[in-house]
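Chemist: What follows is the file target-v9.csv, containing CSV, C-alpha atoms:
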```
chain,number,residue,atom,x,y,z
A,288,MET,CA,14.6,-28.6,-57.1
A,289,LEU,CA,11.9,-29.4,-54.5
A,290,SER,CA,10.1,-26.1,-55.2
A,291,LEU,CA,10.1,-26.8,-59.0
A,292,PHE,CA,8.8,-30.3,-58.5
A,293,SER,CA,6.1,-28.9,-56.2
A,294,VAL,CA,5.1,-26.4,-59.0
A,295,VAL,CA,4.9,-29.1,-61.6
A,296,VAL,CA,2.7,-31.3,-59.3
A,297,GLN,CA,0.4,-28.4,-58.6
A,298,MET,CA,-0.1,-27.6,-62.2
A,299,LEU,CA,-0.7,-31.2,-63.1
A,300,GLY,CA,-3.1,-31.5,-60.2
A,301,LEU,CA,-5.0,-28.4,-61.5
A,302,LEU,CA,-5.4,-29.9,-64.9
A,303,VAL,CA,-6.8,-33.2,-63.5
A,304,ALA,CA,-9.1,-31.2,-61.2
A,305,VAL,CA,-10.4,-29.2,-64.2
A,306,ALA,CA,-11.2,-32.4,-66.0
A,307,PHE,CA,-13.2,-33.9,-63.2
A,308,TYR,CA,-14.8,-30.5,-62.3
A,309,THR,CA,-16.5,-30.5,-65.7
A,310,LEU,CA,-17.9,-33.9,-64.8
A,311,LEU,CA,-19.1,-32.6,-61.4
A,312,GLU,CA,-20.7,-29.6,-63.2
A,313,ARG,CA,-22.6,-31.8,-65.6
A,314,LYS,CA,-23.8,-34.1,-62.8
A,315,VAL,CA,-24.9,-31.1,-60.6
A,316,LEU,CA,-26.7,-29.5,-63.5
A,317,GLY,CA,-28.3,-32.8,-64.3
A,318,TYR,CA,-29.7,-33.3,-60.8
A,319,ILE,CA,-30.9,-29.7,-60.6
A,320,GLN,CA,-32.8,-30.3,-63.9
A,321,LEU,CA,-34.1,-33.7,-62.6
A,322,ARG,CA,-31.9,-35.9,-64.9
A,323,LYS,CA,-28.8,-38.0,-64.3
A,324,GLY,CA,-26.1,-36.4,-66.4
A,325,PRO,CA,-23.2,-38.4,-68.0
A,326,ASN,CA,-23.5,-42.1,-66.9
A,327,LYS,CA,-22.7,-44.2,-69.9
A,328,VAL,CA,-18.9,-44.1,-70.4
A,329,SER,CA,-17.2,-47.1,-68.7
A,330,LEU,CA,-17.6,-46.9,-64.9
A,331,MET,CA,-20.8,-45.0,-64.4
A,332,GLY,CA,-19.6,-42.1,-66.6
A,333,VAL,CA,-16.5,-41.3,-64.4
A,334,PRO,CA,-14.0,-41.4,-67.4
A,335,GLN,CA,-16.3,-39.0,-69.4
A,336,PRO,CA,-13.9,-36.0,-69.0
A,337,LEU,CA,-11.0,-38.1,-70.4
A,338,ALA,CA,-13.2,-39.1,-73.4
A,339,ASP,CA,-14.2,-35.5,-74.0
A,340,ALA,CA,-10.5,-34.4,-73.8
A,341,ALA,CA,-9.4,-37.1,-76.3
A,342,LYS,CA,-12.2,-36.1,-78.7
A,343,LEU,CA,-11.3,-32.4,-78.6
A,344,PHE,CA,-7.5,-32.9,-79.0
A,345,LEU,CA,-7.9,-35.5,-81.8
A,346,LYS,CA,-10.2,-33.5,-83.9
A,347,GLU,CA,-8.9,-31.5,-86.9
A,348,GLN,CA,-7.8,-27.9,-86.1
A,349,THR,CA,-9.6,-25.5,-88.4
A,350,LYS,CA,-7.8,-22.4,-89.7
A,351,PRO,CA,-10.1,-19.4,-90.3
A,352,PHE,CA,-9.0,-17.9,-93.6
A,353,LEU,CA,-9.1,-14.2,-92.4
A,354,SER,CA,-7.6,-14.8,-88.9
A,355,ASN,CA,-4.3,-13.4,-87.7
A,356,TRP,CA,-2.9,-16.8,-87.3
A,357,ALA,CA,0.0,-16.3,-84.9
A,358,ALA,CA,-2.1,-14.3,-82.4
A,359,TYR,CA,-5.0,-16.7,-83.0
A,360,MET,CA,-2.9,-19.7,-81.9
A,361,VAL,CA,-1.1,-17.8,-79.0
A,362,ALA,CA,-4.2,-16.5,-77.2
A,363,PRO,CA,-5.5,-19.9,-75.8
A,364,VAL,CA,-2.0,-20.9,-74.7
A,365,LEU,CA,-1.6,-17.5,-73.0
A,366,SER,CA,-5.0,-17.9,-71.2
A,367,LEU,CA,-4.1,-21.4,-69.9
A,368,ILE,CA,-0.6,-20.4,-68.8
A,369,LEU,CA,-1.9,-17.4,-66.8
A,370,SER,CA,-4.5,-19.7,-65.2
A,371,LEU,CA,-1.9,-22.2,-64.2
A,372,VAL,CA,0.4,-19.4,-62.9
A,373,LEU,CA,-2.4,-18.0,-60.8
A,374,TRP,CA,-2.6,-21.4,-59.0
A,375,LEU,CA,0.8,-20.7,-57.5
A,376,VAL,CA,-0.7,-18.1,-55.1
A,377,TYR,CA,-1.7,-21.0,-52.9
A,378,PRO,CA,1.6,-22.3,-51.5
A,379,SER,CA,2.2,-26.0,-52.3
A,380,PHE,CA,-1.1,-27.4,-51.3
A,381,GLY,CA,-0.6,-26.3,-47.8
A,382,PHE,CA,2.8,-27.9,-47.3
A,383,TYR,CA,4.5,-24.5,-47.6
A,384,VAL,CA,7.5,-25.7,-49.7
A,385,TYR,CA,7.5,-22.2,-51.1
A,386,ASN,CA,5.4,-19.1,-50.7
A,387,PHE,CA,5.1,-15.5,-52.0
A,388,VAL,CA,5.7,-12.7,-49.6
A,389,TYR,CA,3.5,-10.6,-51.9
A,390,GLY,CA,1.2,-13.4,-52.9
A,391,MET,CA,-2.0,-11.3,-53.0
A,392,LEU,CA,-0.2,-8.6,-55.1
A,393,PHE,CA,0.9,-11.3,-57.5
A,394,PHE,CA,-2.7,-12.6,-57.7
A,395,LEU,CA,-4.0,-9.1,-58.6
A,396,CYS,CA,-1.3,-8.7,-61.3
A,397,VAL,CA,-1.9,-12.0,-63.0
A,398,SER,CA,-5.7,-11.8,-62.8
A,399,GLY,CA,-5.4,-8.3,-64.4
A,400,VAL,CA,-3.2,-9.5,-67.3
A,401,SER,CA,-5.6,-12.5,-68.0
A,402,VAL,CA,-8.0,-10.3,-69.8
A,403,TYR,CA,-5.5,-10.0,-72.7
A,404,GLY,CA,-6.0,-13.7,-73.6
A,405,THR,CA,-9.7,-13.0,-74.1
A,406,LEU,CA,-9.1,-9.8,-76.0
A,407,VAL,CA,-6.5,-11.3,-78.3
A,408,ALA,CA,-8.6,-14.3,-79.0
A,409,GLY,CA,-11.5,-12.1,-80.1
A,410,TRP,CA,-9.4,-9.7,-82.1
A,411,ALA,CA,-7.2,-12.4,-83.8
A,412,SER,CA,-10.3,-14.4,-85.0
A,413,ASN,CA,-11.1,-11.4,-87.3
A,414,SER,CA,-14.8,-12.0,-86.8
A,415,LYS,CA,-17.2,-9.3,-85.7
A,416,TYR,CA,-19.1,-11.8,-83.4
A,417,ALA,CA,-15.8,-12.9,-81.7
A,418,LEU,CA,-14.7,-9.3,-81.3
A,419,LEU,CA,-18.1,-8.3,-79.7
A,420,GLY,CA,-17.9,-11.2,-77.3
A,421,SER,CA,-14.4,-10.4,-76.3
A,422,LEU,CA,-15.1,-6.7,-75.8
A,423,ARG,CA,-18.1,-7.5,-73.6
A,424,ALA,CA,-16.0,-9.9,-71.5
A,425,VAL,CA,-13.1,-7.5,-71.1
A,426,ALA,CA,-15.4,-4.6,-70.1
A,427,GLN,CA,-17.1,-6.8,-67.6
A,428,THR,CA,-13.9,-8.2,-66.1
A,429,ILE,CA,-12.2,-4.8,-65.8
A,430,SER,CA,-15.3,-3.2,-64.2
A,431,TYR,CA,-15.6,-5.9,-61.6
A,432,GLU,CA,-11.8,-6.0,-61.0
A,433,ILE,CA,-12.0,-2.6,-59.3
A,434,SER,CA,-14.3,-4.0,-56.6
A,435,LEU,CA,-12.1,-7.1,-56.4
A,436,ILE,CA,-9.0,-5.0,-55.7
A,437,LEU,CA,-10.7,-2.9,-53.1
A,438,ILE,CA,-12.0,-5.9,-51.2
A,439,LEU,CA,-8.7,-7.6,-51.3
A,440,LEU,CA,-6.9,-4.5,-50.1
A,441,SER,CA,-9.2,-4.2,-47.1
A,442,GLY,CA,-8.3,-7.8,-46.2
A,443,VAL,CA,-4.6,-7.0,-46.6
A,444,TYR,CA,-5.0,-4.0,-44.2
A,445,LEU,CA,-6.9,-6.1,-41.7
A,446,VAL,CA,-4.4,-8.9,-41.7
A,447,GLY,CA,-1.3,-6.8,-42.2
A,448,SER,CA,0.3,-9.0,-44.8
A,449,TYR,CA,0.2,-9.6,-48.6
A,450,ASN,CA,1.2,-13.2,-47.9
A,451,VAL,CA,-1.4,-15.9,-48.3
A,452,LEU,CA,0.0,-17.6,-45.2
A,453,GLY,CA,-0.6,-14.4,-43.3
A,454,PHE,CA,-4.4,-14.7,-43.9
A,455,SER,CA,-4.2,-18.3,-42.7
A,456,PHE,CA,-2.3,-17.5,-39.5
A,457,PHE,CA,-4.5,-14.5,-38.7
A,458,GLN,CA,-7.6,-16.7,-38.7
A,459,GLU,CA,-5.9,-19.7,-37.1
A,460,GLU,CA,-8.0,-19.7,-33.9
A,461,GLY,CA,-11.3,-19.9,-35.8
A,462,CYS,CA,-12.0,-16.1,-35.9
A,463,TRP,CA,-12.9,-16.2,-39.6
A,464,LEU,CA,-13.1,-12.9,-41.5
A,465,PHE,CA,-16.4,-14.2,-42.9
A,466,PHE,CA,-18.1,-13.5,-39.5
A,467,SER,CA,-17.1,-9.8,-39.4
A,468,CYS,CA,-17.1,-9.2,-43.2
A,469,SER,CA,-20.1,-11.2,-44.3
A,470,LEU,CA,-21.5,-8.5,-46.7
A,471,ILE,CA,-18.0,-8.0,-48.2
A,472,SER,CA,-17.6,-11.7,-48.6
A,473,PHE,CA,-20.9,-11.9,-50.5
A,474,ILE,CA,-19.8,-9.1,-52.8
A,475,TRP,CA,-16.5,-10.9,-53.3
A,476,PHE,CA,-18.2,-14.1,-54.4
A,477,VAL,CA,-20.5,-12.3,-56.8
A,478,THR,CA,-17.5,-10.4,-58.2
A,479,THR,CA,-15.6,-13.7,-58.8
A,480,LEU,CA,-18.6,-14.9,-60.7
A,481,ALA,CA,-18.4,-11.9,-63.0
A,482,GLU,CA,-14.6,-12.1,-63.2
A,483,THR,CA,-14.7,-15.6,-64.5
A,484,ASN,CA,-17.7,-14.8,-66.9
A,485,ARG,CA,-19.9,-17.4,-65.2
A,486,ALA,CA,-23.7,-17.4,-65.1
A,487,PRO,CA,-25.7,-15.3,-64.4
A,488,PHE,CA,-23.0,-13.0,-65.8
A,489,ASP,CA,-21.9,-15.0,-68.8
A,490,PHE,CA,-22.1,-12.2,-71.4
A,491,ALA,CA,-19.1,-13.3,-73.3
A,492,GLU,CA,-21.7,-15.5,-75.0
A,493,GLY,CA,-24.3,-13.5,-76.9
A,494,GLU,CA,-27.8,-15.0,-77.3
A,495,SER,CA,-28.7,-12.2,-79.7
A,496,GLU,CA,-25.9,-13.3,-82.1
A,497,ILE,CA,-26.5,-17.0,-81.5
A,498,VAL,CA,-22.8,-17.6,-81.0
A,499,SER,CA,-20.6,-18.7,-78.2
A,500,GLY,CA,-18.7,-15.4,-77.9
A,501,PHE,CA,-15.0,-14.6,-78.3
A,502,ASN,CA,-14.2,-18.3,-78.9
A,503,VAL,CA,-16.6,-18.8,-81.7
A,504,GLU,CA,-13.9,-19.4,-84.3
A,505,TYR,CA,-12.0,-21.9,-82.2
A,506,SER,CA,-12.3,-25.6,-82.5
A,507,ALA,CA,-10.5,-28.8,-81.3
A,508,GLY,CA,-7.4,-28.1,-79.2
A,509,GLY,CA,-7.7,-24.3,-79.2
A,510,PHE,CA,-11.2,-24.5,-77.8
A,511,ALA,CA,-10.1,-27.1,-75.2
A,512,LEU,CA,-7.3,-24.8,-74.0
A,513,ILE,CA,-9.7,-21.8,-73.5
A,514,PHE,CA,-12.2,-24.2,-71.8
A,515,MET,CA,-9.4,-25.4,-69.4
A,516,ALA,CA,-8.3,-21.9,-68.7
A,517,GLU,CA,-11.8,-20.8,-67.7
A,518,TYR,CA,-12.4,-23.7,-65.4
A,519,GLY,CA,-8.9,-23.4,-63.9
A,520,ALA,CA,-9.6,-19.8,-63.0
A,521,ILE,CA,-12.8,-20.9,-61.3
A,522,LEU,CA,-11.0,-23.4,-59.1
A,523,VAL,CA,-8.3,-20.8,-58.3
A,524,MET,CA,-11.0,-18.3,-57.3
A,525,SER,CA,-12.6,-20.9,-55.1
A,526,VAL,CA,-9.4,-21.6,-53.3
A,527,VAL,CA,-8.5,-18.0,-52.8
A,528,SER,CA,-12.1,-17.3,-51.5
A,529,GLY,CA,-11.6,-20.0,-48.9
A,530,VAL,CA,-8.3,-18.6,-47.8
A,531,LEU,CA,-9.5,-15.0,-47.5
A,532,PHE,CA,-12.7,-15.5,-45.5
A,533,PHE,CA,-12.7,-19.0,-44.0
A,534,GLY,CA,-9.5,-19.1,-42.1
A,535,SER,CA,-6.8,-21.6,-41.4
A,536,ASP,CA,-6.7,-24.9,-43.2
A,537,ASN,CA,-6.4,-27.0,-40.1
A,538,PHE,CA,-9.2,-25.5,-38.1
A,539,LEU,CA,-12.0,-28.0,-37.2
A,540,VAL,CA,-10.8,-30.5,-39.9
A,541,GLY,CA,-7.6,-31.9,-38.4
A,542,SER,CA,-5.8,-32.0,-41.7
A,543,VAL,CA,-4.3,-29.3,-43.9
A,544,MET,CA,-5.0,-31.2,-47.1
A,545,PHE,CA,-8.6,-32.0,-46.1
A,546,GLY,CA,-9.3,-28.4,-45.1
A,547,PHE,CA,-7.9,-27.1,-48.5
A,548,LEU,CA,-10.1,-29.6,-50.4
A,549,LEU,CA,-13.2,-29.0,-48.4
A,550,LYS,CA,-13.2,-25.2,-48.7
A,551,GLY,CA,-12.2,-25.2,-52.4
A,552,MET,CA,-14.9,-27.8,-53.3
A,553,PHE,CA,-17.5,-25.8,-51.3
A,554,PHE,CA,-16.9,-22.6,-53.3
A,555,ALA,CA,-16.5,-24.5,-56.6
A,556,PHE,CA,-19.9,-26.1,-55.9
A,557,LEU,CA,-21.5,-22.7,-55.3
A,558,PHE,CA,-20.4,-21.7,-58.9
A,559,LEU,CA,-22.3,-24.7,-60.2
A,560,TRP,CA,-25.4,-24.1,-58.0
A,561,VAL,CA,-25.6,-20.5,-59.1
A,562,ARG,CA,-25.4,-21.5,-62.8
A,563,GLY,CA,-28.2,-24.0,-62.3
A,564,SER,CA,-30.5,-21.7,-60.3
A,565,LEU,CA,-30.3,-18.1,-61.7
A,566,PRO,CA,-31.1,-16.8,-65.2
A,567,ARG,CA,-28.8,-14.5,-67.1
A,568,ILE,CA,-29.4,-10.9,-66.1
A,569,ARG,CA,-29.4,-7.8,-68.4
A,570,TYR,CA,-26.1,-6.3,-69.4
A,571,ASP,CA,-27.0,-2.8,-68.2
A,572,LYS,CA,-28.0,-4.2,-64.8
A,573,LEU,CA,-24.7,-6.1,-64.7
A,574,MET,CA,-22.6,-3.0,-65.2
A,575,GLY,CA,-24.9,-0.9,-62.9
A,576,LEU,CA,-24.4,-3.5,-60.1
A,577,THR,CA,-20.7,-3.0,-60.0
A,578,TRP,CA,-20.5,0.8,-60.6
A,579,LYS,CA,-23.5,1.9,-58.5
A,580,SER,CA,-23.5,-0.8,-55.8
A,581,PHE,CA,-20.4,-2.8,-55.3
A,582,LEU,CA,-17.9,0.1,-55.9
A,583,PRO,CA,-19.4,2.4,-53.2
A,584,VAL,CA,-19.7,-0.4,-50.7
A,585,SER,CA,-16.2,-1.8,-51.2
A,586,LEU,CA,-14.7,1.7,-51.2
A,587,GLY,CA,-16.6,2.6,-48.0
A,588,TRP,CA,-15.5,-0.7,-46.4
A,589,LEU,CA,-11.8,0.0,-47.3
A,590,GLY,CA,-12.1,3.5,-45.8
A,591,LEU,CA,-13.6,2.0,-42.6
A,592,VAL,CA,-10.8,-0.6,-42.3
A,593,LEU,CA,-8.2,2.1,-42.8
A,594,VAL,CA,-9.7,4.3,-40.0
A,595,LEU,CA,-9.9,1.3,-37.7
A,596,CYS,CA,-6.3,0.3,-38.4
A,597,VAL,CA,-5.1,3.9,-37.8
A,598,VAL,CA,-7.1,4.2,-34.5
```
Turn this file's structure into structure tokens for me.

Modeler:
Amino acid sequence: MLSLFSVVVQMLGLLVAVAFYTLLERKVLGYIQLRKGPNKVSLMGVPQPLADAAKLFLKEQTKPFLSNWAAYMVAPVLSLILSLVLWLVYPSFGFYVYNFVYGMLFFLCVSGVSVYGTLVAGWASNSKYALLGSLRAVAQTISYEISLILILLSGVYLVGSYNVLGFSFFQEEGCWLFFSCSLISFIWFVTTLAETNRAPFDFAEGESEIVSGFNVEYSAGGFALIFMAEYGAILVMSVVSGVLFFGSDNFLVGSVMFGFLLKGMFFAFLFLWVRGSLPRIRYDKLMGLTWKSFLPVSLGWLGLVLVLCVV
């Protein structure tokens, strides 16, 4: 019962975090572009995410005439559920009420399945623009997922455990993996940007078609669910990045909860900083980056780690 309550609290916490992360993004982008961002709604714009959510969920749900209606409606729900389930990798906000022995393997499985939400959304819309956007997004996600798996496996071999707590205990004395794996940690962060379809890799949107990508036929609640799934995945990736490369939650911060929040917010802010600073790159360079650069480096690093572990 306590574990179930902890799961529900975590998922509700993620939904609230997603809401206010959108406000943080608009504020950060505003100050990067020398403007203020949302500041009119009630208390200095703080309830703006709640107003946006109310607007989206209260609007009329359109029904594209040629869409495959059942799959069209299921796809956003599937994406959000997978995003929420991915959040369970981190055990109970650091209080360890439950944990997965094979947490990292679970992370890889769920993140691999999450592409189906995007694919089904593009296919079920029965629109050539939505299908093009979904195919671009799926090809990008699958390509970068190979490097993601290899980097994660190298960390698993170094630590000797699939458990998220194993990574925390391994780095408990302050010997963070970031110091010995700085190049790999940089590749990991760029890969997470591509995995979540974030700038400068946001090719799910196509400027040549002047549409928003695989979700072009969605409105109101369906669009809101896809939006929440995307931002939930960003927050999960931020937390997992902190666990993998920046050690124990209680090192130098004195509090498990504070350490969790500090590292997660740092990586979440980096997602926003990159979006406000870098232009979108060409698609051929995006695919060449993973196949010609990241894959050889991550594969070589995994081989080096295996040799060191055997010796």

Chemist: Quick one: distance from CA of Thr577 in chain A to CA of Phe488 in chain A in Å, one decimal?

Modeler: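 These two atoms are separated by 11.8 Å.
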
Chemist: Tell me which protein, DNA and RNA residues are within 12 Å of range 415-425 of chain A, counting only C-alpha atoms, leaving out same-chain ones fewer than 5 positions away, and put them as a ChimeraX atom specification.

Modeler: /A:353-354,359,362,398-410,430-432,481-485,488-505,570-571,573-574

Chemist: Given the point (-15.3, -21.6, -55.5) in the file's coordinates, find the residues that have an atom at most 10 Å from it, counting only C-alpha atoms, and give them as a PyMOL selection string.

Modeler: chain A and resi 476+479-480+520-529+550-559

Chemist: Report, in Å to a single decimal, how far apart CA of Leu591 in chain A and CA of Gly534 in chain A are.

Modeler: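 One can read the CA of Gly534 in chain A to CA of Leu591 in chain A distance as 21.5 Å.
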
Chemist: Could you tell me how far CA of Trp560 in chain A lies from CA of Leu316 in chain A, in Å and to one decimal?

Modeler: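 Value for the CA of Trp560 in chain A-CA of Leu316 in chain A distance: 7.8 Å.
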
Chemist: Of the candidates A:Ser467, A:Val303, A:Met515, A:Pro351, which shows the shortest atom-to-atom distance to Ser412 in chain A, using all atoms listed in the file?

Modeler: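 For Ser412 in chain A, the nearest of the given residues is A:Pro351.
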
Chemist: Nearest residue to Leu369 in chain A out of A:Leu445, A:Leu549, A:Val397, A:Ala357, using all atoms listed in the file?

Modeler: A:Val397

Chemist: Using only C-alpha atoms, pick whichever of A:Ser329, A:Val372, A:Tyr518, A:Leu437 has the shortest atom-to-atom distance to Gly587 in chain A.

Modeler: A:Leu437

Chemist: Give the answer as one residue: which of A:Trp588, A:Tyr308, A:Phe456, A:Phe292 has the shortest atom-to-atom distance to Tyr444 in chain A, using all atoms listed in the file?

Modeler: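 Selected residue with least distance to Tyr444 in chain A: A:Trp588.
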
Chemist: Which is closest to Leu464 in chain A among A:Val530, A:Val451, A:Ala486, A:Ile433, if we use all atoms listed in the file?

Modeler: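 For Leu464 in chain A, the nearest of the given residues is A:Val530.
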
Chemist: If you count all atoms listed in the file, which residues fall within 10 Å of Ser580 in chain A, apart from same-chain ones fewer than 5 positions away, as a PyMOL selection string?

Modeler: chain A and resi 434+474+574-575+585

Chemist: Generate the output file for the selected residues, C-alpha atoms, as a CSV table (one decimal), in the coordinates of the input.

Modeler:
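Heads up, here's the output in out_2.csv:
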```csv
chain,number,residue,atom,x,y,z
A,434,SER,CA,-14.3,-4.0,-56.6
A,474,ILE,CA,-19.8,-9.1,-52.8
A,574,MET,CA,-22.6,-3.0,-65.2
A,575,GLY,CA,-24.9,-0.9,-62.9
A,585,SER,CA,-16.2,-1.8,-51.2
```

Chemist: Give the answer as one residue: which of A:Leu531, A:Val598, A:Met360, A:Leu302 has the shortest atom-to-atom distance to Val446 in chain A, using all atoms listed in the file?

Modeler: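 Looking only at the distances to Val446 in chain A, the closest residue turns out to be A:Leu531.
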